[in-house]
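*Asks:* First the structure, which I've put down as structure tokens, then a few questions once you've had a look.
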Amino acid sequence: MGVPWVSQVRLLHLIILGITTASLVMYVVYMSTPQPRTTASPVLLPVSLEFHTPHVNGTTQDNSALKNDTSVPVANKNTSSEIPSLLSFSNSLQSDLTRGVPAEVIYESGHSPTNEHICQEKGKHLQLLIIITSAPSHDNARMAIRQTWGHFSARRDVSIVFMLGATNNMNFHDKIEKEHFMYEDIIQGKFIDTYENLTLKSISMLEWVKDNCPQADYVLKTDDDMFINIPRLLTFISKHNPETRAIYGRLAKKWKPIRNKKSKYYISPQQYKPAVFPDFTTGPAYLLPARLSKELYHSSLNHTYFKLEDVFLTGIVANDLKIKRIHVPEFLNKRVSLAPCSVQRGISIHMVKGSEQFDLWKKLLDGHAKCK
């Protein structure tokens with residue numbers, strides 16, 4: 001005879017009870033074990049969270065509306081590659097920066113490589129340090145600058161360096177590493193390079209100048225789609241005192257924050273409440289005494305962060321420090337006629353393609369042009 005049906009039911013109940021008990025024990029053990037948490041930092045919004053590997057791998061955005069986007073981690077010559085700990089920012093922050101976040105909360109100090117050789121003796125003998133922001137994919141633009149107006153870095157009183165952020169695209173990373181090994185003119189800050197992080201790049205620039213080149217006379221911040229007439233800029237510098245508390249460039253007056261949330265340039269009332277921005281110098285190119293970098297850097301960390309770097313730094317921060325912003329007509333900071341006289345009269349021309357740098361360089365050196 002088979003097993004009585006009552007015994008079969010009891011056996012089935014015991015099996016079900018055993019399975020339920022085992023599942024409950026496994027659940028309790030799982031929940032009592034600390035689990036890793038991955039929370040996006042607000043400075044890494046467009047980036048995936050695959051940052052726990054030894055190398056950062058991914059892509060960066062390329063935006064050029066107000067100024068150039070940039071990025072790329074690089075290694076110093078004769079040293080191994082060092083990728084910054086990009087998730088070391090406060091993970092408890094909300095991902096929406098428009099709620100108003102102090103810059104010091106999301107900024108990580110430091111650079112890789114530091115490239116101290118750019119400024120020998122802290123820039124003691126430099127009239128001019130030019131810092132060019134550049135995107136990881138803009139190797140052609142960087143090369144065009146090196147082969148044209150970047151030649152002035154051969155002078156002992158002029159230095160030129162490219163400022164980049166970090167990328168998690170290994171193709172860009174490897175190319176930039178080789179490029180830096182060859183030219184040793186690239187600095188990388190500890191931030192992912194996106195449009196939202198342009199202000200982090202400017203803060204990083206100030207920190208690097210503060211630490212490595214505080215004794216230079218002047219710093220020009222510019223972008224890799226700019227043509228800079230260095231002889232004319234040096235003439236301008238020779239007529240001004242680096243002790244003057246002023247930032248020079250193309251002055252923008254009475255600009256208002258855009259409150260449309262759909263706009264790329266949206267600034268919330270939590271980020272900046274007044275209806276009008278302070279006067280500021282536009283971002284494609286502006287000039288400041290290197291000695292101001294320290295106080296601009298420290299003050300910028302105490303301000304609410306937003307992405308319009310020229311408004312933030314040369315407007316709001318400089319205004320609070322009572323640093324003047326002075327309009328200089330030769331800072332064109334826009335696309336102009338590329339006739340020889342236009343090139344020779346201006347200090348900075350915007351929206352210049354890499355291939356056009358050579359034509360402008362030739363026109364700058366054109367001794368036959370008869371300009372009034």
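Naming scheme: A, B, ... for chains in displayed order of the structure tokens; residues 1 onward per chain; ligands 1 onward as shown.
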Using only C-alpha atoms, I'd like a table of the residues in region 117-183 of chain A that come within 10 Å of region 194-215 of chain A; for each, show the closest atom pair and its distance in Å rounded to one decimal, ordered by chain and ascending number, as a tab-separated table.

*Replies:*
```
residue	atom	partner	partner_atom	distance
A:His117	CA	A:Asn212	CA	8.9
A:Ile118	CA	A:Cys213	CA	8.4
A:Cys119	CA	A:Cys213	CA	5.6
A:Gln120	CA	A:Cys213	CA	8.1
A:Glu121	CA	A:Cys213	CA	8.0
A:Lys122	CA	A:Cys213	CA	4.4
A:Gly123	CA	A:Cys213	CA	4.7
A:Lys124	CA	A:Gln215	CA	4.9
A:His125	CA	A:Gln215	CA	7.9
A:Leu126	CA	A:Gln215	CA	7.8
A:Gln127	CA	A:Gln215	CA	9.4
A:Leu129	CA	A:Cys213	CA	8.3
A:Ile131	CA	A:Met205	CA	7.7
A:Ile132	CA	A:Met205	CA	9.7
A:Thr133	CA	A:Lys201	CA	8.2
A:Ala135	CA	A:Thr194	CA	9.4
A:Met163	CA	A:Met205	CA	7.3
A:Leu164	CA	A:Lys201	CA	7.6
A:Gly165	CA	A:Lys201	CA	6.9
A:Ala166	CA	A:Thr194	CA	9.3
A:Thr167	CA	A:Thr194	CA	9.2
```

*Asks:* Suppose we keep all heavy atoms; can you now write the selection as a compact mmCIF listing (two decimals), in the first residue's frame?

*Replies:*
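Once everything was written out, this is part_13.txt:
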```txt
# COMPACT_ATOMS: atom_id res chain seq x y z
N HIS A 117 57.26 72.76 -14.47
CA HIS A 117 58.27 73.32 -15.38
C HIS A 117 57.69 74.43 -16.27
O HIS A 117 58.44 75.23 -16.83
CB HIS A 117 58.84 72.22 -16.28
CG HIS A 117 57.86 71.68 -17.27
ND1 HIS A 117 56.95 70.71 -16.96
CD2 HIS A 117 57.64 72.01 -18.57
CE1 HIS A 117 56.21 70.45 -18.02
NE2 HIS A 117 56.60 71.22 -19.02
N ILE A 118 56.37 74.48 -16.38
CA ILE A 118 55.73 75.54 -17.19
C ILE A 118 56.09 76.91 -16.63
O ILE A 118 56.26 77.88 -17.37
CB ILE A 118 54.20 75.36 -17.22
CG1 ILE A 118 53.83 74.03 -17.89
CG2 ILE A 118 53.51 76.53 -17.92
CD1 ILE A 118 54.14 73.97 -19.36
N CYS A 119 56.18 76.99 -15.32
CA CYS A 119 56.49 78.26 -14.65
C CYS A 119 57.72 78.08 -13.78
O CYS A 119 57.60 77.75 -12.58
CB CYS A 119 55.30 78.73 -13.80
SG CYS A 119 53.87 79.25 -14.76
N GLN A 120 58.89 78.29 -14.35
CA GLN A 120 60.13 78.19 -13.59
C GLN A 120 60.15 79.27 -12.50
O GLN A 120 59.75 80.41 -12.72
CB GLN A 120 61.33 78.37 -14.51
CG GLN A 120 61.45 77.30 -15.60
CD GLN A 120 61.84 75.94 -15.04
OE1 GLN A 120 62.43 75.85 -13.95
NE2 GLN A 120 61.53 74.89 -15.77
N GLU A 121 60.59 78.86 -11.29
CA GLU A 121 60.67 79.77 -10.14
C GLU A 121 59.33 80.48 -9.91
O GLU A 121 59.28 81.68 -9.65
CB GLU A 121 61.78 80.80 -10.35
CG GLU A 121 63.17 80.18 -10.48
CD GLU A 121 64.25 81.25 -10.63
OE1 GLU A 121 64.40 82.08 -9.69
OE2 GLU A 121 64.91 81.27 -11.68
N LYS A 122 58.25 79.69 -10.00
CA LYS A 122 56.89 80.19 -9.74
C LYS A 122 56.48 81.31 -10.69
O LYS A 122 55.64 82.15 -10.36
CB LYS A 122 56.77 80.68 -8.28
CG LYS A 122 57.04 79.62 -7.23
CD LYS A 122 55.97 78.54 -7.23
CE LYS A 122 56.19 77.53 -6.11
NZ LYS A 122 55.15 76.49 -6.07
N GLY A 123 57.10 81.34 -11.89
CA GLY A 123 56.73 82.35 -12.87
C GLY A 123 57.42 83.68 -12.66
O GLY A 123 56.97 84.70 -13.21
N LYS A 124 58.48 83.68 -11.93
CA LYS A 124 59.18 84.93 -11.57
C LYS A 124 59.58 85.75 -12.79
O LYS A 124 59.57 86.99 -12.75
CB LYS A 124 60.41 84.59 -10.74
CG LYS A 124 61.23 85.78 -10.28
CD LYS A 124 62.41 85.31 -9.43
CE LYS A 124 63.26 86.48 -8.97
NZ LYS A 124 64.42 86.03 -8.16
N HIS A 125 59.91 85.09 -13.90
CA HIS A 125 60.40 85.81 -15.08
C HIS A 125 59.36 85.87 -16.21
O HIS A 125 59.69 86.25 -17.32
CB HIS A 125 61.67 85.13 -15.61
CG HIS A 125 62.75 85.00 -14.58
ND1 HIS A 125 63.43 86.11 -14.08
CD2 HIS A 125 63.26 83.92 -13.93
CE1 HIS A 125 64.32 85.70 -13.18
NE2 HIS A 125 64.23 84.38 -13.07
N LEU A 126 58.13 85.52 -15.91
CA LEU A 126 57.08 85.49 -16.93
C LEU A 126 56.30 86.81 -16.97
O LEU A 126 55.79 87.27 -15.96
CB LEU A 126 56.10 84.35 -16.68
CG LEU A 126 56.54 82.93 -17.01
CD1 LEU A 126 55.38 81.96 -16.76
CD2 LEU A 126 57.00 82.82 -18.46
N GLN A 127 56.19 87.36 -18.16
CA GLN A 127 55.24 88.45 -18.37
C GLN A 127 53.84 87.90 -18.55
O GLN A 127 52.87 88.50 -18.09
CB GLN A 127 55.61 89.24 -19.65
CG GLN A 127 56.73 90.23 -19.53
CD GLN A 127 56.73 91.16 -20.72
OE1 GLN A 127 55.89 92.05 -20.83
NE2 GLN A 127 57.68 90.96 -21.62
N LEU A 129 51.37 84.23 -18.88
CA LEU A 129 51.02 82.81 -18.89
C LEU A 129 49.67 82.68 -19.60
O LEU A 129 48.70 83.34 -19.20
CB LEU A 129 50.92 82.26 -17.46
CG LEU A 129 50.27 80.88 -17.32
CD1 LEU A 129 51.14 79.80 -17.96
CD2 LEU A 129 50.00 80.55 -15.84
N ILE A 131 46.64 80.20 -20.53
CA ILE A 131 46.00 78.92 -20.23
C ILE A 131 44.84 78.73 -21.21
O ILE A 131 43.89 79.53 -21.23
CB ILE A 131 45.51 78.86 -18.78
CG1 ILE A 131 46.71 79.03 -17.83
CG2 ILE A 131 44.78 77.55 -18.50
CD1 ILE A 131 46.35 78.94 -16.36
N ILE A 132 44.92 77.68 -22.01
CA ILE A 132 43.94 77.42 -23.08
C ILE A 132 43.08 76.22 -22.69
O ILE A 132 43.59 75.12 -22.50
CB ILE A 132 44.66 77.12 -24.41
CG1 ILE A 132 45.67 78.22 -24.75
CG2 ILE A 132 43.64 76.94 -25.54
CD1 ILE A 132 46.64 77.83 -25.85
N THR A 133 41.77 76.44 -22.58
CA THR A 133 40.88 75.32 -22.31
C THR A 133 40.62 74.58 -23.62
O THR A 133 40.43 75.19 -24.67
CB THR A 133 39.55 75.79 -21.71
OG1 THR A 133 38.91 76.71 -22.61
CG2 THR A 133 39.78 76.47 -20.36
N ALA A 135 39.03 70.65 -25.45
CA ALA A 135 38.30 69.39 -25.32
C ALA A 135 39.18 68.21 -25.70
O ALA A 135 40.14 68.36 -26.46
CB ALA A 135 37.06 69.42 -26.21
N MET A 163 44.50 73.45 -20.60
CA MET A 163 43.78 73.03 -19.39
C MET A 163 42.66 72.07 -19.78
O MET A 163 41.79 72.41 -20.57
CB MET A 163 43.19 74.26 -18.69
CG MET A 163 42.54 73.93 -17.36
SD MET A 163 43.80 73.72 -16.08
CE MET A 163 42.82 72.96 -14.79
N LEU A 164 42.71 70.86 -19.21
CA LEU A 164 41.73 69.82 -19.53
C LEU A 164 41.10 69.27 -18.26
O LEU A 164 41.70 69.34 -17.18
CB LEU A 164 42.41 68.68 -20.28
CG LEU A 164 43.26 69.06 -21.50
CD1 LEU A 164 44.02 67.85 -22.01
CD2 LEU A 164 42.39 69.64 -22.59
N GLY A 165 39.92 68.71 -18.43
CA GLY A 165 39.31 67.96 -17.34
C GLY A 165 39.59 66.48 -17.55
O GLY A 165 40.49 66.10 -18.29
N ALA A 166 38.79 65.63 -16.93
CA ALA A 166 38.96 64.18 -17.06
C ALA A 166 37.93 63.62 -18.03
O ALA A 166 36.84 64.13 -18.16
CB ALA A 166 38.81 63.51 -15.70
N THR A 167 38.31 62.56 -18.72
CA THR A 167 37.39 61.85 -19.60
C THR A 167 37.36 60.39 -19.20
O THR A 167 38.35 59.85 -18.71
CB THR A 167 37.81 61.95 -21.08
OG1 THR A 167 36.88 61.22 -21.88
CG2 THR A 167 39.20 61.41 -21.30
```

*Asks:* Mind checking which residues fall within 7 Å of region 232-248 of chain A, counting only C-alpha atoms, ignoring those fewer than 4 positions away in the same chain, and posting them as a list of chain:residue names?

*Replies:*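 So the residues in contact are A:Asp217, A:Tyr218, A:Tyr286, A:Leu287, A:Leu288, A:Pro289, A:Ile323, A:Lys324, A:Arg325, A:Ile326, A:His327, A:Val328, A:Ile347.
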
*Asks:* For region 309-311 of chain A, list every protein, DNA or RNA residue within 12 Å, evaluated using only C-alpha atoms, and leave out those in the same chain fewer than 5 positions away; present the list as an NGL selection string.

*Replies:* :A and (66-69 or 103 or 195-205 or 221-222 or 247 or 249-257 or 265 or 267 or 272 or 276-287 or 300 or 304 or 316-319 or 325)

*Asks:* Could you pull out the residues in region 87-332 of chain A that DSSP calls alpha helix (DSSP H) from the backbone, as a ChimeraX atom specification?

*Replies:* /A:103-106,139-146,170-183,198-212,230-238,293-301,309-310,318-320

*Asks:* Quick one: pick out all strand (DSSP E) residues within region 246-299 of chain A from a backbone DSSP run and write them as a list in words.

*Replies:*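 Strand (DSSP E) members of region 246-299 of chain A, listed: Ala246, Ile247, Tyr248, Gly249, Arg250, Leu251, Ala252, Phe280, Thr281, Thr282, Gly283, Pro284, Ala285, Tyr286, Leu287, Leu288 and Pro289 of chain A.
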
*Asks:* In Å, with one decimal, what is the gap from CA of Ser355 (chain A) to CA of Ala144 (chain A)?

*Replies:*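 That distance, rounded to one decimal, is 7.1 Å.
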
*Asks:* Which residues are close to Tyr266 (chain A), i.e. within 10 Å by only C-alpha atoms, leaving aside same-chain residues fewer than 2 positions away? Reply as a PDB file with all heavy atoms, in the first residue's frame.

*Replies:*
```pdb
ATOM      1  N   THR A  98      20.782  73.162  -9.654  1.00  0.00           N
ATOM      2  CA  THR A  98      19.974  74.382  -9.665  1.00  0.00           C
ATOM      3  C   THR A  98      19.344  74.656  -8.305  1.00  0.00           C
ATOM      4  O   THR A  98      18.790  75.738  -8.091  1.00  0.00           O
ATOM      5  CB  THR A  98      18.864  74.297 -10.732  1.00  0.00           C
ATOM      6  OG1 THR A  98      17.996  73.200 -10.443  1.00  0.00           O
ATOM      7  CG2 THR A  98      19.468  74.116 -12.116  1.00  0.00           C
ATOM      8  N   PRO A 257      19.872  86.893 -15.798  1.00  0.00           N
ATOM      9  CA  PRO A 257      19.818  85.428 -15.742  1.00  0.00           C
ATOM     10  C   PRO A 257      18.625  84.911 -16.545  1.00  0.00           C
ATOM     11  O   PRO A 257      17.554  85.512 -16.535  1.00  0.00           O
ATOM     12  CB  PRO A 257      19.639  85.126 -14.249  1.00  0.00           C
ATOM     13  CG  PRO A 257      20.036  86.376 -13.539  1.00  0.00           C
ATOM     14  CD  PRO A 257      19.731  87.507 -14.458  1.00  0.00           C
ATOM     15  N   ILE A 258      18.829  83.817 -17.253  1.00  0.00           N
ATOM     16  CA  ILE A 258      17.737  83.171 -17.982  1.00  0.00           C
ATOM     17  C   ILE A 258      17.013  82.237 -17.035  1.00  0.00           C
ATOM     18  O   ILE A 258      17.610  81.316 -16.469  1.00  0.00           O
ATOM     19  CB  ILE A 258      18.284  82.416 -19.201  1.00  0.00           C
ATOM     20  CG1 ILE A 258      18.881  83.416 -20.204  1.00  0.00           C
ATOM     21  CG2 ILE A 258      17.197  81.574 -19.865  1.00  0.00           C
ATOM     22  CD1 ILE A 258      19.526  82.767 -21.407  1.00  0.00           C
ATOM     23  N   ARG A 259      15.714  82.456 -16.871  1.00  0.00           N
ATOM     24  CA  ARG A 259      14.921  81.680 -15.916  1.00  0.00           C
ATOM     25  C   ARG A 259      14.106  80.574 -16.581  1.00  0.00           C
ATOM     26  O   ARG A 259      13.350  79.873 -15.906  1.00  0.00           O
ATOM     27  CB  ARG A 259      13.968  82.609 -15.152  1.00  0.00           C
ATOM     28  CG  ARG A 259      14.655  83.751 -14.407  1.00  0.00           C
ATOM     29  CD  ARG A 259      15.673  83.274 -13.395  1.00  0.00           C
ATOM     30  NE  ARG A 259      16.116  84.355 -12.520  1.00  0.00           N
ATOM     31  CZ  ARG A 259      17.147  84.283 -11.703  1.00  0.00           C
ATOM     32  NH1 ARG A 259      17.869  83.170 -11.627  1.00  0.00           N
ATOM     33  NH2 ARG A 259      17.472  85.314 -10.938  1.00  0.00           N
ATOM     34  N   ASN A 260      14.246  80.440 -17.879  1.00  0.00           N
ATOM     35  CA  ASN A 260      13.548  79.377 -18.607  1.00  0.00           C
ATOM     36  C   ASN A 260      14.262  78.051 -18.372  1.00  0.00           C
ATOM     37  O   ASN A 260      15.397  77.861 -18.808  1.00  0.00           O
ATOM     38  CB  ASN A 260      13.507  79.702 -20.096  1.00  0.00           C
ATOM     39  CG  ASN A 260      12.785  78.644 -20.915  1.00  0.00           C
ATOM     40  OD1 ASN A 260      12.319  77.637 -20.385  1.00  0.00           O
ATOM     41  ND2 ASN A 260      12.698  78.863 -22.215  1.00  0.00           N
ATOM     42  N   LYS A 261      13.604  77.111 -17.709  1.00  0.00           N
ATOM     43  CA  LYS A 261      14.236  75.847 -17.335  1.00  0.00           C
ATOM     44  C   LYS A 261      14.637  75.002 -18.533  1.00  0.00           C
ATOM     45  O   LYS A 261      15.471  74.108 -18.404  1.00  0.00           O
ATOM     46  CB  LYS A 261      13.301  75.045 -16.423  1.00  0.00           C
ATOM     47  CG  LYS A 261      13.076  75.682 -15.068  1.00  0.00           C
ATOM     48  CD  LYS A 261      12.217  74.808 -14.182  1.00  0.00           C
ATOM     49  CE  LYS A 261      12.019  75.436 -12.804  1.00  0.00           C
ATOM     50  NZ  LYS A 261      11.191  74.579 -11.927  1.00  0.00           N
ATOM     51  N   LYS A 262      14.077  75.283 -19.697  1.00  0.00           N
ATOM     52  CA  LYS A 262      14.416  74.515 -20.885  1.00  0.00           C
ATOM     53  C   LYS A 262      15.684  75.041 -21.573  1.00  0.00           C
ATOM     54  O   LYS A 262      16.206  74.396 -22.465  1.00  0.00           O
ATOM     55  CB  LYS A 262      13.247  74.535 -21.876  1.00  0.00           C
ATOM     56  CG  LYS A 262      11.995  73.839 -21.355  1.00  0.00           C
ATOM     57  CD  LYS A 262      10.879  73.871 -22.397  1.00  0.00           C
ATOM     58  CE  LYS A 262       9.622  73.174 -21.875  1.00  0.00           C
ATOM     59  NZ  LYS A 262       8.518  73.203 -22.885  1.00  0.00           N
ATOM     60  N   SER A 263      16.148  76.199 -21.147  1.00  0.00           N
ATOM     61  CA  SER A 263      17.318  76.798 -21.773  1.00  0.00           C
ATOM     62  C   SER A 263      18.607  76.159 -21.271  1.00  0.00           C
ATOM     63  O   SER A 263      18.727  75.796 -20.096  1.00  0.00           O
ATOM     64  CB  SER A 263      17.356  78.310 -21.482  1.00  0.00           C
ATOM     65  OG  SER A 263      18.580  78.873 -21.923  1.00  0.00           O
ATOM     66  N   LYS A 264      19.568  76.065 -22.164  1.00  0.00           N
ATOM     67  CA  LYS A 264      20.896  75.560 -21.810  1.00  0.00           C
ATOM     68  C   LYS A 264      21.558  76.461 -20.777  1.00  0.00           C
ATOM     69  O   LYS A 264      22.407  76.023 -20.000  1.00  0.00           O
ATOM     70  CB  LYS A 264      21.740  75.492 -23.080  1.00  0.00           C
ATOM     71  CG  LYS A 264      23.161  75.001 -22.897  1.00  0.00           C
ATOM     72  CD  LYS A 264      23.885  74.988 -24.228  1.00  0.00           C
ATOM     73  CE  LYS A 264      25.307  74.481 -24.085  1.00  0.00           C
ATOM     74  NZ  LYS A 264      26.021  74.442 -25.383  1.00  0.00           N
ATOM     75  N   SER A 268      18.865  79.226 -11.846  1.00  0.00           N
ATOM     76  CA  SER A 268      17.730  79.282 -10.927  1.00  0.00           C
ATOM     77  C   SER A 268      17.907  80.417  -9.917  1.00  0.00           C
ATOM     78  O   SER A 268      19.032  80.863  -9.659  1.00  0.00           O
ATOM     79  CB  SER A 268      17.607  77.956 -10.171  1.00  0.00           C
ATOM     80  OG  SER A 268      18.667  77.827  -9.232  1.00  0.00           O
ATOM     81  N   PRO A 269      16.813  80.878  -9.313  1.00  0.00           N
ATOM     82  CA  PRO A 269      16.916  81.892  -8.246  1.00  0.00           C
ATOM     83  C   PRO A 269      17.743  81.402  -7.064  1.00  0.00           C
ATOM     84  O   PRO A 269      18.355  82.200  -6.365  1.00  0.00           O
ATOM     85  CB  PRO A 269      15.457  82.129  -7.855  1.00  0.00           C
ATOM     86  CG  PRO A 269      14.673  81.746  -9.069  1.00  0.00           C
ATOM     87  CD  PRO A 269      15.419  80.591  -9.678  1.00  0.00           C
ATOM     88  N   GLN A 271      20.428  79.682  -7.340  1.00  0.00           N
ATOM     89  CA  GLN A 271      21.823  79.853  -7.717  1.00  0.00           C
ATOM     90  C   GLN A 271      22.233  81.321  -7.750  1.00  0.00           C
ATOM     91  O   GLN A 271      23.347  81.666  -7.373  1.00  0.00           O
ATOM     92  CB  GLN A 271      22.064  79.220  -9.098  1.00  0.00           C
ATOM     93  CG  GLN A 271      21.971  77.705  -9.101  1.00  0.00           C
ATOM     94  CD  GLN A 271      22.130  77.145 -10.490  1.00  0.00           C
ATOM     95  OE1 GLN A 271      21.349  77.425 -11.391  1.00  0.00           O
ATOM     96  NE2 GLN A 271      23.157  76.325 -10.681  1.00  0.00           N
ATOM     97  N   PHE A 306      27.388  77.837 -10.325  1.00  0.00           N
ATOM     98  CA  PHE A 306      26.621  77.628 -11.555  1.00  0.00           C
ATOM     99  C   PHE A 306      27.570  77.622 -12.741  1.00  0.00           C
ATOM    100  O   PHE A 306      28.730  78.001 -12.637  1.00  0.00           O
ATOM    101  CB  PHE A 306      25.458  78.616 -11.723  1.00  0.00           C
ATOM    102  CG  PHE A 306      25.841  80.074 -11.818  1.00  0.00           C
ATOM    103  CD1 PHE A 306      26.345  80.622 -12.991  1.00  0.00           C
ATOM    104  CD2 PHE A 306      25.657  80.918 -10.726  1.00  0.00           C
ATOM    105  CE1 PHE A 306      26.661  81.961 -13.078  1.00  0.00           C
ATOM    106  CE2 PHE A 306      25.965  82.257 -10.799  1.00  0.00           C
ATOM    107  CZ  PHE A 306      26.470  82.789 -11.989  1.00  0.00           C
ATOM    108  N   LYS A 307      27.071  77.175 -13.891  1.00  0.00           N
ATOM    109  CA  LYS A 307      27.935  76.767 -15.003  1.00  0.00           C
ATOM    110  C   LYS A 307      28.457  77.894 -15.883  1.00  0.00           C
ATOM    111  O   LYS A 307      29.326  77.653 -16.723  1.00  0.00           O
ATOM    112  CB  LYS A 307      27.183  75.764 -15.882  1.00  0.00           C
ATOM    113  CG  LYS A 307      25.884  76.300 -16.453  1.00  0.00           C
ATOM    114  CD  LYS A 307      25.041  75.187 -17.030  1.00  0.00           C
ATOM    115  CE  LYS A 307      23.676  75.690 -17.476  1.00  0.00           C
ATOM    116  NZ  LYS A 307      22.809  74.590 -17.897  1.00  0.00           N
ATOM    117  N   LEU A 308      27.943  79.111 -15.754  1.00  0.00           N
ATOM    118  CA  LEU A 308      28.409  80.214 -16.598  1.00  0.00           C
ATOM    119  C   LEU A 308      29.702  80.763 -16.005  1.00  0.00           C
ATOM    120  O   LEU A 308      29.694  81.669 -15.172  1.00  0.00           O
ATOM    121  CB  LEU A 308      27.338  81.305 -16.700  1.00  0.00           C
ATOM    122  CG  LEU A 308      25.944  80.833 -17.125  1.00  0.00           C
ATOM    123  CD1 LEU A 308      24.989  82.013 -17.233  1.00  0.00           C
ATOM    124  CD2 LEU A 308      26.012  80.072 -18.451  1.00  0.00           C
TER     125      LEU A 308
END
```

*Asks:* Check the smallest atom-to-atom distance from each of A:Ser293, A:Thr314, A:Gln188, A:Gln357 to Thr114 (chain A) using only C-alpha atoms, then report the winner.

*Replies:*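 Between A:Ser293, A:Thr314, A:Gln188, A:Gln357, the residue approaching Thr114 (chain A) most closely is A:Gln188.
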